[in-house]
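**Student:** Input file: model_5.cif. Contents: mmCIF, C-alpha atoms, pLDDT in the B column; chains and numbers go by the auth columns.
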```
data_query
loop_
_atom_site.group_PDB
_atom_site.id
_atom_site.type_symbol
_atom_site.label_atom_id
_atom_site.label_comp_id
_atom_site.label_asym_id
_atom_site.label_seq_id
_atom_site.Cartn_x
_atom_site.Cartn_y
_atom_site.Cartn_z
_atom_site.B_iso_or_equiv
_atom_site.auth_seq_id
_atom_site.auth_asym_id
ATOM 1 C CA MET A 1 62.864 -71.562 54.315 55.00 1 A
ATOM 2 C CA LEU A 2 60.746 -70.640 51.369 54.00 2 A
ATOM 3 C CA ARG A 3 57.701 -71.302 53.459 62.00 3 A
ATOM 4 C CA ALA A 4 58.882 -68.903 56.055 60.00 4 A
ATOM 5 C CA LEU A 5 59.374 -66.156 53.488 57.00 5 A
ATOM 6 C CA ALA A 6 55.982 -66.649 51.768 60.00 6 A
ATOM 7 C CA PRO A 7 53.922 -64.727 54.378 60.00 7 A
ATOM 8 C CA LEU A 8 56.493 -61.989 54.340 58.00 8 A
ATOM 9 C CA ALA A 9 56.371 -61.758 50.528 59.00 9 A
ATOM 10 C CA SER A 10 52.576 -61.663 50.471 62.00 10 A
ATOM 11 C CA PHE A 11 52.610 -58.903 53.104 58.00 11 A
ATOM 12 C CA ALA A 12 55.076 -56.936 50.968 57.00 12 A
ATOM 13 C CA LEU A 13 52.818 -57.327 47.919 58.00 13 A
ATOM 14 C CA LEU A 14 49.749 -56.203 49.839 57.00 14 A
ATOM 15 C CA ALA A 15 51.622 -53.242 51.254 57.00 15 A
ATOM 16 C CA ALA A 16 52.550 -52.185 47.720 56.00 16 A
ATOM 17 C CA CYS A 17 48.855 -52.108 46.756 58.00 17 A
ATOM 18 C CA ALA A 18 48.022 -49.727 49.539 58.00 18 A
ATOM 19 C CA SER A 19 48.712 -46.118 48.699 61.00 19 A
ATOM 20 C CA ASP A 20 48.875 -42.840 50.482 66.00 20 A
ATOM 21 C CA PRO A 21 45.357 -41.259 50.747 61.00 21 A
ATOM 22 C CA THR A 22 46.791 -37.751 50.445 68.00 22 A
ATOM 23 C CA VAL A 23 47.703 -38.336 46.783 79.00 23 A
ATOM 24 C CA TYR A 24 44.089 -38.083 45.604 81.00 24 A
ATOM 25 C CA PRO A 25 42.652 -34.657 44.782 79.00 25 A
ATOM 26 C CA SER A 26 40.204 -33.113 47.148 81.00 26 A
ATOM 27 C CA LEU A 27 36.508 -33.351 46.322 86.00 27 A
ATOM 28 C CA ALA A 28 35.870 -29.923 47.777 87.00 28 A
ATOM 29 C CA PRO A 29 34.782 -27.246 45.267 85.00 29 A
ATOM 30 C CA ARG A 30 37.669 -25.398 43.702 85.00 30 A
ATOM 31 C CA PRO A 31 37.718 -21.602 43.906 85.00 31 A
ATOM 32 C CA VAL A 32 36.786 -21.236 40.244 83.00 32 A
ATOM 33 C CA GLU A 33 33.719 -23.446 40.762 82.00 33 A
ATOM 34 C CA LYS A 34 32.412 -21.043 43.384 81.00 34 A
ATOM 35 C CA LEU A 35 32.261 -18.127 40.925 80.00 35 A
ATOM 36 C CA GLY A 36 29.073 -19.232 39.158 76.00 36 A
ATOM 37 C CA PHE A 37 28.094 -19.127 35.516 80.00 37 A
ATOM 38 C CA ALA A 38 26.471 -15.707 35.265 82.00 38 A
ATOM 39 C CA GLU A 39 27.622 -13.449 32.457 82.00 39 A
ATOM 40 C CA PRO A 40 29.757 -10.564 33.611 80.00 40 A
ATOM 41 C CA ALA A 41 28.103 -7.168 33.505 85.00 41 A
ATOM 42 C CA THR A 42 28.949 -5.193 30.387 85.00 42 A
ATOM 43 C CA PRO A 43 28.529 -1.482 29.945 84.00 43 A
ATOM 44 C CA PRO A 44 25.768 -0.350 27.574 81.00 44 A
ATOM 45 C CA PRO A 45 26.928 0.350 24.018 72.00 45 A
ATOM 46 C CA ALA A 46 27.851 3.885 23.171 72.00 46 A
ATOM 47 C CA PRO A 47 25.218 5.753 21.157 75.00 47 A
ATOM 48 C CA ALA A 48 25.846 5.775 17.432 71.00 48 A
ATOM 49 C CA VAL A 49 27.559 8.874 16.152 81.00 49 A
ATOM 50 C CA GLN A 50 25.833 10.475 13.168 87.00 50 A
ATOM 51 C CA ASP A 51 27.561 9.524 9.923 88.00 51 A
ATOM 52 C CA PRO A 52 26.745 11.978 7.094 90.00 52 A
ATOM 53 C CA ALA A 53 28.190 9.677 4.420 91.00 53 A
ATOM 54 C CA LEU A 54 26.063 6.773 5.613 93.00 54 A
ATOM 55 C CA ASN A 55 22.997 9.012 5.846 94.00 55 A
ATOM 56 C CA GLY A 56 23.557 10.024 2.212 95.00 56 A
ATOM 57 C CA LYS A 57 23.806 6.393 1.116 95.00 57 A
ATOM 58 C CA LEU A 58 20.664 5.563 3.081 95.00 58 A
ATOM 59 C CA ALA A 59 18.754 8.417 1.467 96.00 59 A
ATOM 60 C CA ALA A 60 19.794 7.335 -2.035 96.00 60 A
ATOM 61 C CA ILE A 61 18.953 3.674 -1.441 96.00 61 A
ATOM 62 C CA THR A 62 15.593 4.379 0.210 96.00 62 A
ATOM 63 C CA ALA A 63 14.645 6.797 -2.603 96.00 63 A
ATOM 64 C CA LYS A 64 15.442 4.146 -5.189 96.00 64 A
ATOM 65 C CA GLY A 65 13.476 1.594 -3.159 95.00 65 A
ATOM 66 C CA ALA A 66 10.494 3.935 -2.829 96.00 66 A
ATOM 67 C CA THR A 67 10.410 4.388 -6.612 96.00 67 A
ATOM 68 C CA ALA A 68 10.566 0.615 -7.116 96.00 68 A
ATOM 69 C CA ALA A 69 7.782 0.104 -4.538 96.00 69 A
ATOM 70 C CA ARG A 70 5.532 2.650 -6.285 97.00 70 A
ATOM 71 C CA ASP A 71 6.142 0.934 -9.626 96.00 71 A
ATOM 72 C CA PHE A 72 5.298 -2.397 -8.031 96.00 72 A
ATOM 73 C CA ASP A 73 2.072 -1.052 -6.505 96.00 73 A
ATOM 74 C CA ARG A 74 0.906 0.363 -9.854 96.00 74 A
ATOM 75 C CA ALA A 75 1.677 -2.889 -11.649 95.00 75 A
ATOM 76 C CA ALA A 76 0.046 -4.914 -8.860 95.00 76 A
ATOM 77 C CA ALA A 77 -3.203 -2.968 -9.209 94.00 77 A
ATOM 78 C CA ARG A 78 -3.204 -3.747 -12.939 95.00 78 A
ATOM 79 C CA ALA A 79 -2.365 -7.420 -12.271 93.00 79 A
ATOM 80 C CA GLU A 80 -5.217 -7.676 -9.746 93.00 80 A
ATOM 81 C CA THR A 81 -7.655 -6.360 -12.341 92.00 81 A
ATOM 82 C CA LEU A 82 -6.396 -8.858 -14.919 91.00 82 A
ATOM 83 C CA ALA A 83 -6.461 -11.720 -12.383 90.00 83 A
ATOM 84 C CA ARG A 84 -10.104 -10.936 -11.494 90.00 84 A
ATOM 85 C CA ALA A 85 -10.956 -10.968 -15.216 87.00 85 A
ATOM 86 C CA ALA A 86 -9.210 -14.321 -15.651 85.00 86 A
ATOM 87 C CA LYS A 87 -10.844 -15.970 -12.627 84.00 87 A
ATOM 88 C CA GLY A 88 -13.439 -17.912 -14.610 80.00 88 A
ATOM 89 C CA ALA A 89 -11.334 -18.246 -17.759 80.00 89 A
ATOM 90 C CA LYS A 90 -9.728 -21.456 -18.962 86.00 90 A
ATOM 91 C CA VAL A 91 -6.024 -22.084 -18.578 86.00 91 A
ATOM 92 C CA GLY A 92 -4.320 -20.810 -21.728 84.00 92 A
ATOM 93 C CA SER A 93 -7.045 -18.326 -22.648 87.00 93 A
ATOM 94 C CA ASP A 94 -6.168 -14.734 -23.554 88.00 94 A
ATOM 95 C CA ALA A 95 -7.365 -13.417 -20.177 87.00 95 A
ATOM 96 C CA TRP A 96 -5.349 -16.069 -18.292 89.00 96 A
ATOM 97 C CA ILE A 97 -2.202 -15.325 -20.336 90.00 97 A
ATOM 98 C CA ALA A 98 -2.594 -11.577 -19.729 92.00 98 A
ATOM 99 C CA ALA A 99 -2.905 -12.158 -15.982 92.00 99 A
ATOM 100 C CA GLN A 100 0.101 -14.502 -15.943 92.00 100 A
ATOM 101 C CA THR A 101 2.163 -11.939 -17.869 93.00 101 A
ATOM 102 C CA ALA A 102 1.204 -9.212 -15.406 93.00 102 A
ATOM 103 C CA ILE A 103 2.237 -11.442 -12.497 93.00 103 A
ATOM 104 C CA ALA A 104 5.563 -12.158 -14.207 93.00 104 A
ATOM 105 C CA ASP A 105 6.072 -8.403 -14.552 94.00 105 A
ATOM 106 C CA LEU A 106 5.471 -8.122 -10.796 94.00 106 A
ATOM 107 C CA ASP A 107 8.267 -10.616 -10.195 92.00 107 A
ATOM 108 C CA ALA A 108 10.651 -8.394 -12.151 92.00 108 A
ATOM 109 C CA LEU A 109 9.564 -5.321 -10.191 93.00 109 A
ATOM 110 C CA ARG A 110 9.958 -7.187 -6.909 94.00 110 A
ATOM 111 C CA SER A 111 13.475 -8.070 -7.992 93.00 111 A
ATOM 112 C CA SER A 112 14.340 -4.415 -8.595 92.00 112 A
ATOM 113 C CA TYR A 113 13.014 -3.596 -5.114 94.00 113 A
ATOM 114 C CA GLY A 114 15.095 -6.475 -3.780 94.00 114 A
ATOM 115 C CA ASP A 115 18.197 -4.668 -5.029 95.00 115 A
ATOM 116 C CA SER A 116 17.584 -1.882 -2.530 95.00 116 A
ATOM 117 C CA VAL A 117 17.022 -4.432 0.248 95.00 117 A
ATOM 118 C CA GLY A 118 20.314 -6.067 -0.703 96.00 118 A
ATOM 119 C CA ALA A 119 22.125 -2.724 -0.672 96.00 119 A
ATOM 120 C CA LEU A 120 20.806 -1.950 2.813 96.00 120 A
ATOM 121 C CA ASP A 121 21.731 -5.433 3.978 96.00 121 A
ATOM 122 C CA GLU A 122 25.241 -4.962 2.626 96.00 122 A
ATOM 123 C CA LEU A 123 25.634 -1.667 4.500 95.00 123 A
ATOM 124 C CA ALA A 124 24.523 -3.348 7.730 95.00 124 A
ATOM 125 C CA SER A 125 26.831 -6.332 7.276 95.00 125 A
ATOM 126 C CA THR A 126 29.782 -4.051 6.454 94.00 126 A
ATOM 127 C CA ARG A 127 29.202 -2.154 9.703 93.00 127 A
ATOM 128 C CA ALA A 128 28.889 -5.405 11.626 92.00 128 A
ATOM 129 C CA ALA A 129 32.086 -6.801 10.098 94.00 129 A
ATOM 130 C CA ALA A 130 33.913 -3.630 11.156 92.00 130 A
ATOM 131 C CA LEU A 131 32.514 -4.147 14.696 89.00 131 A
ATOM 132 C CA GLN A 132 30.738 -0.801 14.558 88.00 132 A
ATOM 133 C CA PRO A 133 27.649 -0.322 16.723 86.00 133 A
ATOM 134 C CA ALA A 134 24.189 -0.637 15.232 87.00 134 A
ATOM 135 C CA TYR A 135 23.062 2.472 13.366 92.00 135 A
ATOM 136 C CA PRO A 136 19.387 3.123 14.215 92.00 136 A
ATOM 137 C CA ALA A 137 18.474 4.766 10.895 94.00 137 A
ATOM 138 C CA LEU A 138 19.998 1.876 8.967 95.00 138 A
ATOM 139 C CA GLU A 139 18.309 -0.736 11.148 95.00 139 A
ATOM 140 C CA GLN A 140 14.927 0.964 10.717 96.00 140 A
ATOM 141 C CA ALA A 141 15.323 1.318 6.940 96.00 141 A
ATOM 142 C CA LEU A 142 16.353 -2.320 6.653 96.00 142 A
ATOM 143 C CA ALA A 143 13.409 -3.547 8.739 96.00 143 A
ATOM 144 C CA GLU A 144 10.950 -1.498 6.666 96.00 144 A
ATOM 145 C CA ALA A 145 12.503 -2.696 3.401 97.00 145 A
ATOM 146 C CA ARG A 146 12.299 -6.343 4.464 96.00 146 A
ATOM 147 C CA ALA A 147 8.665 -5.921 5.498 97.00 147 A
ATOM 148 C CA THR A 148 7.810 -4.337 2.141 96.00 148 A
ATOM 149 C CA ALA A 149 9.600 -7.148 0.278 96.00 149 A
ATOM 150 C CA GLN A 150 7.634 -9.756 2.241 97.00 150 A
ATOM 151 C CA ALA A 151 4.373 -7.933 1.498 96.00 151 A
ATOM 152 C CA GLN A 152 5.226 -7.868 -2.199 96.00 152 A
ATOM 153 C CA THR A 153 5.925 -11.602 -2.181 95.00 153 A
ATOM 154 C CA ALA A 154 2.643 -12.297 -0.394 95.00 154 A
ATOM 155 C CA ARG A 155 0.762 -10.169 -2.906 95.00 155 A
ATOM 156 C CA ILE A 156 2.286 -12.006 -5.873 94.00 156 A
ATOM 157 C CA ASP A 157 1.557 -15.386 -4.272 93.00 157 A
ATOM 158 C CA ALA A 158 -2.076 -14.415 -3.663 93.00 158 A
ATOM 159 C CA LEU A 159 -2.536 -13.295 -7.254 91.00 159 A
ATOM 160 C CA ALA A 160 -0.893 -16.414 -8.672 89.00 160 A
ATOM 161 C CA GLY A 161 -2.975 -18.641 -6.389 89.00 161 A
ATOM 162 C CA ALA A 162 -6.212 -16.979 -7.511 85.00 162 A
ATOM 163 C CA LEU A 163 -5.692 -17.938 -11.143 85.00 163 A
ATOM 164 C CA PRO A 164 -7.078 -21.210 -12.510 77.00 164 A
ATOM 165 C CA GLY A 165 -4.491 -23.978 -12.817 75.00 165 A
ATOM 166 C CA ALA A 166 -2.373 -22.668 -9.937 62.00 166 A
#
```
Take the structure from the file and write it as structure tokens.
**Tutor:**
Amino acid sequence: MLRALAPLASFALLAACASDPTVYPSLAPRPVEKLGFAEPATPPPAPAVQDPALNGKLAAITAKGATAARDFDRAAARAETLARAAKGAKVGSDAWIAAQTAIADLDALRSSYGDSVGALDELASTRAAALQPAYPALEQALAEARATAQAQTARIDALAGALPGA
């Protein structure tokens, strides 16, 4: 009797392994997959409204930066003269020490100019943190200040590299 039931039991086991093909998800693209990955169109940002308080801060910071830049330029001209005089001098000579001192003074003046760059950067980051639109006058002042700071650094590096023992 057991032998008669064995084919029936194996058929029942095989039937249990077969499943309904409608249970699987369709491989057809879903509606969301047909939308694409392009960014949605956004309206252009509104033009920045003039801010008299910010304009006043910008004027004060740029005036302070202009004074610091003029001081740097005067000191740089003096440092260039001293560096040319120290070009053939030995390391540790009076001419070399005078040129090194003048270059160190330039570092201090560059630092005071850097304060105005930092102040402009802080204004820009405060506006960005408040999700305010870019302010063209601030962006322009910041770009000019960064360019001047980079030029000052390049000038100091050139002077220091021209001295013996650099």
**Student:** Please expand the PyMOL selection byres ((chain A and resi 106-116) around 9) into the concrete residues it hits in this file, giving the result as a ChimeraX atom specification.
**Tutor:** /A:61-62,64-69,71-73,75-76,79,101-105,117-121,145-146,148-149,152-153,156
**Student:** Residues as selected, C-alpha atoms, written as a short mmCIF file (atom, residue, chain, number, x, y, z; two decimals), in the frame of the given file, can you do that?
**Tutor:**
```cif
data_model
loop_
_atom_site.label_atom_id
_atom_site.label_comp_id
_atom_site.auth_asym_id
_atom_site.auth_seq_id
_atom_site.Cartn_x
_atom_site.Cartn_y
_atom_site.Cartn_z
CA ILE A 61 18.95 3.67 -1.44
CA THR A 62 15.59 4.38 0.21
CA LYS A 64 15.44 4.15 -5.19
CA GLY A 65 13.48 1.59 -3.16
CA ALA A 66 10.49 3.94 -2.83
CA THR A 67 10.41 4.39 -6.61
CA ALA A 68 10.57 0.62 -7.12
CA ALA A 69 7.78 0.10 -4.54
CA ASP A 71 6.14 0.93 -9.63
CA PHE A 72 5.30 -2.40 -8.03
CA ASP A 73 2.07 -1.05 -6.50
CA ALA A 75 1.68 -2.89 -11.65
CA ALA A 76 0.05 -4.91 -8.86
CA ALA A 79 -2.37 -7.42 -12.27
CA THR A 101 2.16 -11.94 -17.87
CA ALA A 102 1.20 -9.21 -15.41
CA ILE A 103 2.24 -11.44 -12.50
CA ALA A 104 5.56 -12.16 -14.21
CA ASP A 105 6.07 -8.40 -14.55
CA VAL A 117 17.02 -4.43 0.25
CA GLY A 118 20.31 -6.07 -0.70
CA ALA A 119 22.12 -2.72 -0.67
CA LEU A 120 20.81 -1.95 2.81
CA ASP A 121 21.73 -5.43 3.98
CA ALA A 145 12.50 -2.70 3.40
CA ARG A 146 12.30 -6.34 4.46
CA THR A 148 7.81 -4.34 2.14
CA ALA A 149 9.60 -7.15 0.28
CA GLN A 152 5.23 -7.87 -2.20
CA THR A 153 5.92 -11.60 -2.18
CA ILE A 156 2.29 -12.01 -5.87
#
```
**Student:** Give me, as a list of chain:residue names, all polymer residues having an atom no more than 12 Å from Asp94 (chain A), counting all atoms listed in the file and skipping those fewer than 6 positions away in the same chain.
**Tutor:**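 What passes the distance filter is A:Leu82, A:Ala83, A:Ala85, A:Ala86, A:Lys87, A:Gly88, A:Gln100, A:Thr101.
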**Student:** Ranking A:Asn55, A:Trp96, A:Ala48, A:Ala143 by minimum distance to Arg84 (chain A) and counting all atoms listed in the file, which one comes first?
**Tutor:**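 Selected residue with least distance to Arg84 (chain A): A:Trp96.
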**Student:** Quote the spacing between CA of Arg127 (chain A) and CA of Ala59 (chain A) in Å to one decimal place.
**Tutor:**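 A separation of 17.0 Å between them.
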**Student:** Quick check, in Å to one decimal: how far apart do CA of Thr126 (chain A) and CA of Thr42 (chain A) lie?
**Tutor:** 24.0 Å
**Student:** Under the rule that all atoms listed in the file are counted, which of A:Ala162, A:Ala154, A:Ala124, A:Ala129 is the nearest residue to Leu58 (chain A)?
**Tutor:**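 Among A:Ala162, A:Ala154, A:Ala124, A:Ala129, it is A:Ala124 that comes nearest to Leu58 (chain A).
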**Student:** Between A:Leu54, A:Val91, A:Ala137, A:Ala77, which has the minimum distance to Leu123 (chain A) (counting all atoms listed in the file)?
**Tutor:**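 Smallest separation from Leu123 (chain A) among the options: A:Leu54.
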**Student:** Take CA of Glu139 (chain A) and CA of Arg155 (chain A) and report the distance between them in Å, one decimal.
**Tutor:**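 About the pair CA of Glu139 (chain A) and CA of Arg155 (chain A): they are 24.4 Å apart.
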**Student:** Considering all atoms listed in the file, state which residue in the set A:Ser26, A:Thr81, A:Ser125, A:Gln50 is at the smallest distance from Leu159 (chain A).
**Tutor:**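 For Leu159 (chain A), the nearest of the given residues is A:Thr81.
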**Student:** Choose the residue, out of A:Ala151, A:Gln140, A:Ser93, A:Asp51, that has the smallest atom-to-atom separation from Gly165 (chain A); count only C-alpha atoms.
**Tutor:**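 Closest candidate: A:Ser93.
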**Student:** Out of A:Ala99, A:Leu131, A:Glu33, A:Leu138, which residue has the shortest atom-to-atom distance to Gly161 (chain A) when counting all atoms listed in the file?
**Tutor:** A:Ala99
**Student:** Edge lengths and centre in Å to one decimal, as JSON, is what I'm after for the box along x, y and z that holds all listed atoms of region 87-105 of chain A once 6 Å is added on each side.
**Tutor:**
```
{"center_x": -3.7, "center_y": -15.2, "center_z": -18.0, "size_x": 31.5, "size_y": 25.7, "size_z": 23.1}
```
